[in-house]
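Containing PDB, C-alpha atoms, pLDDT in the B column: upload15.pdb.
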```pdb
ATOM      1  CA  MET L 121     106.816 109.426 143.964  1.00 58.00           C
ATOM      2  CA  GLY L 122     108.244 108.882 140.451  1.00 75.00           C
ATOM      3  CA  ILE L 123     107.413 105.176 140.487  1.00 82.00           C
ATOM      4  CA  LEU L 124     103.833 105.851 141.534  1.00 80.00           C
ATOM      5  CA  ASP L 125     103.434 108.371 138.718  1.00 80.00           C
ATOM      6  CA  ASP L 126     104.720 105.792 136.226  1.00 82.00           C
ATOM      7  CA  VAL L 127     102.266 103.196 137.524  1.00 80.00           C
ATOM      8  CA  VAL L 128      99.360 105.641 137.196  1.00 80.00           C
ATOM      9  CA  ILE L 129     100.400 106.634 133.664  1.00 85.00           C
ATOM     10  CA  ASN L 130     100.752 102.971 132.626  1.00 82.00           C
ATOM     11  CA  ALA L 131      97.382 102.137 134.159  1.00 82.00           C
ATOM     12  CA  LYS L 132      95.711 105.017 132.285  1.00 82.00           C
ATOM     13  CA  SER L 133      97.367 103.939 129.051  1.00 84.00           C
ATOM     14  CA  ALA L 134      96.240 100.333 129.533  1.00 83.00           C
ATOM     15  CA  ALA L 135      92.692 101.436 130.341  1.00 83.00           C
ATOM     16  CA  HIS L 136      92.634 103.631 127.233  1.00 79.00           C
ATOM     17  CA  THR L 137      93.878 100.757 125.046  1.00 83.00           C
ATOM     18  CA  VAL L 138      91.331  98.335 126.512  1.00 82.00           C
ATOM     19  CA  GLY L 139      88.591 100.912 125.941  1.00 80.00           C
ATOM     20  CA  LYS L 140      89.568 101.320 122.296  1.00 79.00           C
ATOM     21  CA  MET L 141      89.668  97.560 121.783  1.00 80.00           C
ATOM     22  CA  ALA L 142      86.277  97.153 123.432  1.00 82.00           C
ATOM     23  CA  GLY L 143      84.863  99.870 121.172  1.00 80.00           C
ATOM     24  CA  GLN L 144      86.254  98.117 118.094  1.00 83.00           C
ATOM     25  CA  PHE L 145      84.809  94.813 119.282  1.00 85.00           C
ATOM     26  CA  VAL L 146      81.387  96.422 119.707  1.00 87.00           C
ATOM     27  CA  ASP L 147      81.604  98.005 116.256  1.00 87.00           C
ATOM     28  CA  MET L 148      82.594  94.687 114.684  1.00 87.00           C
ATOM     29  CA  SER L 149      79.750  92.940 116.505  1.00 90.00           C
ATOM     30  CA  LYS L 150      77.273  95.506 115.183  1.00 91.00           C
ATOM     31  CA  LEU L 151      78.555  94.962 111.640  1.00 90.00           C
ATOM     32  CA  ARG L 152      78.240  91.185 112.040  1.00 91.00           C
ATOM     33  CA  ILE L 153      74.661  91.576 113.259  1.00 93.00           C
ATOM     34  CA  ASN L 154      73.927  93.887 110.308  1.00 93.00           C
ATOM     35  CA  ILE L 155      75.384  91.298 107.915  1.00 91.00           C
ATOM     36  CA  SER L 156      73.260  88.590 109.476  1.00 93.00           C
ATOM     37  CA  GLU L 157      70.111  90.708 109.192  1.00 95.00           C
ATOM     38  CA  LEU L 158      70.870  91.561 105.560  1.00 94.00           C
ATOM     39  CA  ASN L 159      71.477  87.898 104.793  1.00 94.00           C
ATOM     40  CA  GLY L 160      68.130  86.982 106.360  1.00 95.00           C
ATOM     41  CA  GLU L 161      66.352  89.709 104.401  1.00 95.00           C
ATOM     42  CA  ILE L 162      67.965  88.543 101.155  1.00 94.00           C
ATOM     43  CA  ASN L 163      66.791  84.991 101.784  1.00 96.00           C
ATOM     44  CA  LYS L 164      63.287  86.268 102.568  1.00 96.00           C
ATOM     45  CA  ARG L 165      63.216  88.304  99.342  1.00 95.00           C
ATOM     46  CA  TYR L 166      64.363  85.288  97.326  1.00 95.00           C
ATOM     47  CA  GLN L 167      61.556  83.268  98.832  1.00 96.00           C
ATOM     48  CA  GLU L 168      59.034  85.996  97.950  1.00 94.00           C
ATOM     49  CA  LEU L 169      60.446  86.202  94.423  1.00 93.00           C
ATOM     50  CA  GLY L 170      60.145  82.455  93.977  1.00 93.00           C
ATOM     51  CA  GLN L 171      56.560  82.479  95.211  1.00 93.00           C
ATOM     52  CA  PHE L 172      55.738  85.419  92.921  1.00 92.00           C
ATOM     53  CA  ILE L 173      57.160  83.651  89.868  1.00 91.00           C
ATOM     54  CA  TYR L 174      55.406  80.404  90.762  1.00 92.00           C
ATOM     55  CA  GLU L 175      52.048  82.118  91.131  1.00 91.00           C
ATOM     56  CA  ALA L 176      52.566  84.151  87.939  1.00 90.00           C
ATOM     57  CA  LYS L 177      53.443  81.066  85.898  1.00 89.00           C
ATOM     58  CA  LYS L 178      50.556  79.115  87.362  1.00 90.00           C
ATOM     59  CA  ALA L 179      48.106  81.922  86.539  1.00 89.00           C
ATOM     60  CA  GLY L 180      49.681  82.486  83.132  1.00 85.00           C
ATOM     61  CA  THR L 181      50.271  86.168  83.752  1.00 84.00           C
ATOM     62  CA  ALA L 182      53.454  87.943  84.675  1.00 76.00           C
ATOM     63  CA  ASP L 183      53.731  91.515  85.886  1.00 84.00           C
ATOM     64  CA  GLU L 184      57.173  92.459  84.564  1.00 88.00           C
ATOM     65  CA  ALA L 185      57.252  95.752  86.481  1.00 88.00           C
ATOM     66  CA  GLU L 186      56.657  94.043  89.819  1.00 90.00           C
ATOM     67  CA  LEU L 187      59.204  91.366  88.933  1.00 90.00           C
ATOM     68  CA  ALA L 188      61.783  94.053  88.108  1.00 92.00           C
ATOM     69  CA  ASP L 189      61.036  95.793  91.434  1.00 93.00           C
ATOM     70  CA  LYS L 190      61.589  92.593  93.380  1.00 92.00           C
ATOM     71  CA  ILE L 191      64.856  91.926  91.578  1.00 94.00           C
ATOM     72  CA  ALA L 192      66.022  95.520  92.146  1.00 95.00           C
ATOM     73  CA  GLY L 193      65.229  95.151  95.848  1.00 95.00           C
ATOM     74  CA  ILE L 194      67.436  92.071  96.074  1.00 94.00           C
ATOM     75  CA  ASP L 195      70.210  93.847  94.174  1.00 95.00           C
ATOM     76  CA  ASP L 196      70.023  96.773  96.618  1.00 95.00           C
ATOM     77  CA  LEU L 197      70.340  94.383  99.552  1.00 94.00           C
ATOM     78  CA  TYR L 198      73.394  92.774  97.947  1.00 92.00           C
ATOM     79  CA  ALA L 199      74.958  96.213  97.502  1.00 93.00           C
ATOM     80  CA  GLN L 200      74.370  96.992 101.191  1.00 93.00           C
ATOM     81  CA  PHE L 201      75.740  93.566 102.107  1.00 91.00           C
ATOM     82  CA  SER L 202      78.960  94.144 100.169  1.00 87.00           C
ATOM     83  CA  VAL L 203      79.470  97.583 101.753  1.00 90.00           C
ATOM     84  CA  VAL L 204      79.012  96.237 105.278  1.00 90.00           C
ATOM     85  CA  SER L 205      81.232  93.225 104.514  1.00 85.00           C
ATOM     86  CA  ALA L 206      83.942  95.550 103.225  1.00 84.00           C
ATOM     87  CA  GLN L 207      83.701  97.651 106.397  1.00 86.00           C
ATOM     88  CA  LEU L 208      84.029  94.546 108.563  1.00 86.00           C
ATOM     89  CA  ALA L 209      86.963  93.262 106.502  1.00 83.00           C
ATOM     90  CA  ALA L 210      88.702  96.623 106.821  1.00 83.00           C
ATOM     91  CA  MET L 211      88.270  96.562 110.586  1.00 83.00           C
ATOM     92  CA  GLN L 212      89.768  93.070 110.669  1.00 83.00           C
ATOM     93  CA  ASN L 213      92.634  94.098 108.356  1.00 83.00           C
ATOM     94  CA  LYS L 214      91.495  91.610 105.736  1.00 83.00           C
ATOM     95  CA  ILE L 215      90.742  91.771 102.022  1.00 82.00           C
ATOM     96  CA  THR L 216      87.888  90.012 100.245  1.00 80.00           C
ATOM     97  CA  CYS L 217      88.466  88.128  97.006  1.00 82.00           C
ATOM     98  CA  PRO L 218      86.224  89.574  94.270  1.00 79.00           C
ATOM     99  CA  ALA L 219      85.886  86.157  92.615  1.00 83.00           C
ATOM    100  CA  CYS L 220      84.997  83.812  95.477  1.00 83.00           C
ATOM    101  CA  GLY L 221      84.304  86.161  98.406  1.00 78.00           C
ATOM    102  CA  LYS L 222      86.792  84.557 100.805  1.00 83.00           C
ATOM    103  CA  GLN L 223      88.689  86.800 103.208  1.00 82.00           C
ATOM    104  CA  MET L 224      92.438  86.745 103.747  1.00 85.00           C
ATOM    105  CA  PRO L 225      95.139  89.052 105.146  1.00 86.00           C
ATOM    106  CA  GLN L 226      95.473  92.448 103.446  1.00 82.00           C
ATOM    107  CA  ASP L 227      99.035  91.785 102.347  1.00 85.00           C
ATOM    108  CA  SER L 228      97.969  88.732 100.293  1.00 85.00           C
ATOM    109  CA  MET L 229      98.726  88.958  96.599  1.00 87.00           C
ATOM    110  CA  PHE L 230      96.635  85.943  95.549  1.00 88.00           C
ATOM    111  CA  CYS L 231      93.487  84.347  96.923  1.00 88.00           C
ATOM    112  CA  SER L 232      94.329  81.242  98.925  1.00 87.00           C
ATOM    113  CA  HIS L 233      90.994  79.685  97.944  1.00 86.00           C
ATOM    114  CA  CYS L 234      90.627  80.283  94.187  1.00 90.00           C
ATOM    115  CA  GLY L 235      94.063  81.655  93.219  1.00 89.00           C
ATOM    116  CA  MET L 236      92.819  84.939  91.722  1.00 88.00           C
ATOM    117  CA  LYS L 237      95.287  87.824  91.787  1.00 88.00           C
ATOM    118  CA  LEU L 238      94.237  90.382  94.377  1.00 84.00           C
ATOM    119  CA  GLU L 239      94.764  94.055  93.707  1.00 77.00           C
ATOM    120  CA  LYS L 240      94.874  96.768  96.294  1.00 67.00           C
ATOM    121  CA  PRO L 241      92.113  99.236  95.350  1.00 54.00           C
ATOM    122  CA  GLN L 242      93.756 102.391  96.726  1.00 52.00           C
ATOM    123  CA  SER L 243      97.454 101.924  95.971  1.00 40.00           C
ATOM    124  CA  ALA L 244      97.459  99.696  92.866  1.00 37.00           C
ATOM    125  CA  ALA L 245      95.009 101.589  90.617  1.00 37.00           C
ATOM    126  CA  PRO L 246      96.675 105.043  90.564  1.00 40.00           C
ATOM    127  CA  VAL L 247     100.160 103.568  90.141  1.00 38.00           C
ATOM    128  CA  GLU L 248      99.225 101.250  87.261  1.00 39.00           C
ATOM    129  CA  GLU L 249      97.365 103.793  85.126  1.00 38.00           C
ATOM    130  CA  PRO L 250     100.262 106.237  84.612  1.00 41.00           C
ATOM    131  CA  ALA L 251     102.736 103.375  84.124  1.00 41.00           C
ATOM    132  CA  ALA L 252     100.520 101.555  81.618  1.00 40.00           C
ATOM    133  CA  GLU L 253      99.911 104.517  79.309  1.00 42.00           C
ATOM    134  CA  PRO L 254     103.564 105.489  78.608  1.00 42.00           C
ATOM    135  CA  VAL L 255     104.539 101.859  78.099  1.00 42.00           C
ATOM    136  CA  GLU L 256     101.794 101.307  75.519  1.00 41.00           C
ATOM    137  CA  ALA L 257     102.406 104.557  73.621  1.00 40.00           C
ATOM    138  CA  PRO L 258     106.076 103.923  72.681  1.00 41.00           C
ATOM    139  CA  ALA L 259     105.246 100.356  71.703  1.00 41.00           C
ATOM    140  CA  GLU L 260     102.646 101.644  69.233  1.00 42.00           C
ATOM    141  CA  GLU L 261     104.777 104.493  67.807  1.00 43.00           C
ATOM    142  CA  PRO L 262     107.473 102.315  66.242  1.00 43.00           C
ATOM    143  CA  PRO L 263     105.278  99.493  64.935  1.00 44.00           C
ATOM    144  CA  GLU L 264     106.876  96.173  64.256  1.00 46.00           C
ATOM    145  CA  THR L 265     104.924  95.619  61.059  1.00 43.00           C
ATOM    146  CA  PRO L 266     107.079  97.986  58.918  1.00 45.00           C
ATOM    147  CA  GLU L 267     110.200  96.179  60.074  1.00 44.00           C
ATOM    148  CA  GLU L 268     108.599  92.845  59.297  1.00 43.00           C
ATOM    149  CA  LYS L 269     107.573  94.113  55.863  1.00 44.00           C
ATOM    150  CA  THR L 270     111.126  95.229  55.099  1.00 45.00           C
ATOM    151  CA  GLU L 271     112.505  91.869  56.155  1.00 44.00           C
ATOM    152  CA  GLU L 272     110.050  89.974  53.970  1.00 41.00           C
TER
END
```
Show me this structure written as C-alpha cells.
Amino acid sequence: MGILDDVVINAKSAAHTVGKMAGQFVDMSKLRINISELNGEINKRYQELGQFIYEAKKAGTADEAELADKIAGIDDLYAQFSVVSAQLAAMQNKITCPACGKQMPQDSMFCSHCGMKLEKPQSAAPVEEPAAEPVEAPAEEPPETPEEKTEE
C-alpha cells in the first residue's frame, strides 16, 4: 500500500505543477494579446495624428489643444505598453534594455544588442545610494586643491 500512496502523491504533485504551468501560459498569452492590441491602437492613433496634422496644415489652421490631446493619448498608450511588457518580461524571467528595448536573461549585466549596462531596479538602486554618498563626502572634505597649491 505504501507504493500506491507514493504513486498517488506523485500524480497529484505532477497535476498541480502542470496546472500552475498552464495558468502561467494562459497569463502570458493574455499579456501578449494585450501587447498586440496596444500596438495596434498606437498605430491607429499615429495614423489619426498624421491625418489631423495633414488636414490642419492644408487648411492653414492648427488646433493646438486637440493636437496636445492626441499626443497625450499616444503617450498614455506607450505607458500602458511598457507596463504590460515589463509584466510579460518578469513572467519570462527576462529584463528589457532601456536603450534598445531588447529582452535578455535577468542575470545579464550588459545588453547583448546595444551593449548598454543593465541595472537591476530593485537590488542595485538601494545599495548604490548609501555607498555613493559616503564615498563622495570624504573625497570632498580633504580637497586636493590645497595640496596642489602648496606644491606649486
*asked:* Given all atoms listed in the file as the basis, pick out the residue of L:Asn130, L:Asn163, L:Gln207, L:Gln212 nearest to Phe145 of chain L.
replied: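 The shortest atom-to-atom distance to Phe145 of chain L comes from L:Gln212.
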*Given the file shown, enumerate the residues that the PyMOL selection byres ((chain L and resi 228) around 12) captures and present them as a ChimeraX atom specification.*
/L:213-217,222-227,229-233,235-240
*Expressed in Å to a single decimal, how great is the separation between atom CA of Val203 of chain L and atom CA of Cys220 of chain L?*
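If I compute the distance from atom CA of Val203 of chain L to atom CA of Cys220 of chain L, I get 16.1 Å.
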*Please provide as a list in words all residues within 9 Å of Ser205 of chain L, with the sequence filter that same-chain residues fewer than 6 positions apart are discarded (counting all atoms listed in the file).*
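Contacts, in chain order: Leu151, Arg152, Ile155 and Thr216 of chain L.
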Take the point (58.8, 93.1, 88.8) as written in the file and pick out every residue within 12 Å of it, counting only C-alpha atoms; give the list as a PDB file with C-alpha atoms, keeping the file's coordinate frame.
```pdb
ATOM      1  CA  GLU L 168      59.034  85.996  97.950  1.00 94.00           C
ATOM      2  CA  LEU L 169      60.446  86.202  94.423  1.00 93.00           C
ATOM      3  CA  GLY L 170      60.145  82.455  93.977  1.00 93.00           C
ATOM      4  CA  PHE L 172      55.738  85.419  92.921  1.00 92.00           C
ATOM      5  CA  ILE L 173      57.160  83.651  89.868  1.00 91.00           C
ATOM      6  CA  ALA L 176      52.566  84.151  87.939  1.00 90.00           C
ATOM      7  CA  ALA L 182      53.454  87.943  84.675  1.00 76.00           C
ATOM      8  CA  ASP L 183      53.731  91.515  85.886  1.00 84.00           C
ATOM      9  CA  GLU L 184      57.173  92.459  84.564  1.00 88.00           C
ATOM     10  CA  ALA L 185      57.252  95.752  86.481  1.00 88.00           C
ATOM     11  CA  GLU L 186      56.657  94.043  89.819  1.00 90.00           C
ATOM     12  CA  LEU L 187      59.204  91.366  88.933  1.00 90.00           C
ATOM     13  CA  ALA L 188      61.783  94.053  88.108  1.00 92.00           C
ATOM     14  CA  ASP L 189      61.036  95.793  91.434  1.00 93.00           C
ATOM     15  CA  LYS L 190      61.589  92.593  93.380  1.00 92.00           C
ATOM     16  CA  ILE L 191      64.856  91.926  91.578  1.00 94.00           C
ATOM     17  CA  ALA L 192      66.022  95.520  92.146  1.00 95.00           C
ATOM     18  CA  GLY L 193      65.229  95.151  95.848  1.00 95.00           C
ATOM     19  CA  ILE L 194      67.436  92.071  96.074  1.00 94.00           C
TER      20      ILE L 194
END
```
*For atom CA of Gly160 of chain L and atom CA of Ala199 of chain L, quote the distance in Å rounded to one decimal.*
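These atoms are spaced 14.5 Å apart.
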_Straight-line distance linking atom CA of Glu157 of chain L with atom CA of Gln200 of chain L, stated in Å to one decimal_ =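 A separation of 11.0 Å between them.
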Please reconstruct the missing atoms of segment 169-191 of chain L (target: N, CA and C atoms) and return them as a compact mmCIF listing (two decimals), keeping the file's coordinate frame.
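Final file, result.txt:
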```txt
# COMPACT_ATOMS: atom_id res chain seq x y z
N LEU L 169 60.29 86.19 95.88
CA LEU L 169 60.45 86.20 94.42
C LEU L 169 60.06 84.86 93.82
N GLY L 170 60.50 83.79 94.46
CA GLY L 170 60.14 82.46 93.98
C GLY L 170 58.65 82.21 94.02
N GLN L 171 58.01 82.63 95.10
CA GLN L 171 56.56 82.48 95.21
C GLN L 171 55.85 83.33 94.16
N PHE L 172 56.34 84.54 93.92
CA PHE L 172 55.74 85.42 92.92
C PHE L 172 55.82 84.79 91.53
N ILE L 173 56.98 84.26 91.18
CA ILE L 173 57.16 83.65 89.87
C ILE L 173 56.29 82.40 89.74
N TYR L 174 56.23 81.61 90.78
CA TYR L 174 55.41 80.40 90.76
C TYR L 174 53.94 80.75 90.51
N GLU L 175 53.45 81.73 91.28
CA GLU L 175 52.05 82.12 91.13
C GLU L 175 51.78 82.75 89.76
N ALA L 176 52.73 83.52 89.25
CA ALA L 176 52.57 84.15 87.94
C ALA L 176 52.54 83.10 86.84
N LYS L 177 53.41 82.12 86.91
CA LYS L 177 53.44 81.07 85.90
C LYS L 177 52.19 80.20 85.97
N LYS L 178 51.75 79.94 87.17
CA LYS L 178 50.56 79.11 87.36
C LYS L 178 49.32 79.82 86.81
N ALA L 179 49.24 81.14 87.02
CA ALA L 179 48.11 81.92 86.54
C ALA L 179 48.25 82.27 85.06
N GLY L 180 49.46 82.16 84.53
CA GLY L 180 49.68 82.49 83.13
C GLY L 180 49.88 83.96 82.88
N THR L 181 50.03 84.73 83.90
CA THR L 181 50.27 86.17 83.75
C THR L 181 51.53 86.53 84.52
N ALA L 182 52.25 87.49 84.00
CA ALA L 182 53.45 87.94 84.68
C ALA L 182 53.50 89.46 84.63
N ASP L 183 53.60 90.07 85.79
CA ASP L 183 53.73 91.52 85.89
C ASP L 183 55.23 91.83 85.88
N GLU L 184 55.74 92.22 84.73
CA GLU L 184 57.17 92.46 84.56
C GLU L 184 57.67 93.60 85.44
N ALA L 185 56.84 94.62 85.66
CA ALA L 185 57.25 95.75 86.48
C ALA L 185 57.45 95.32 87.93
N GLU L 186 56.53 94.52 88.44
CA GLU L 186 56.66 94.04 89.82
C GLU L 186 57.85 93.10 89.95
N LEU L 187 58.05 92.26 88.94
CA LEU L 187 59.20 91.37 88.93
C LEU L 187 60.51 92.17 88.96
N ALA L 188 60.59 93.21 88.14
CA ALA L 188 61.78 94.05 88.11
C ALA L 188 62.00 94.75 89.45
N ASP L 189 60.92 95.16 90.12
CA ASP L 189 61.04 95.79 91.43
C ASP L 189 61.59 94.82 92.47
N LYS L 190 61.11 93.60 92.42
CA LYS L 190 61.59 92.59 93.38
C LYS L 190 63.06 92.29 93.15
N ILE L 191 63.46 92.19 91.90
CA ILE L 191 64.86 91.93 91.58
C ILE L 191 65.74 93.11 91.99
```
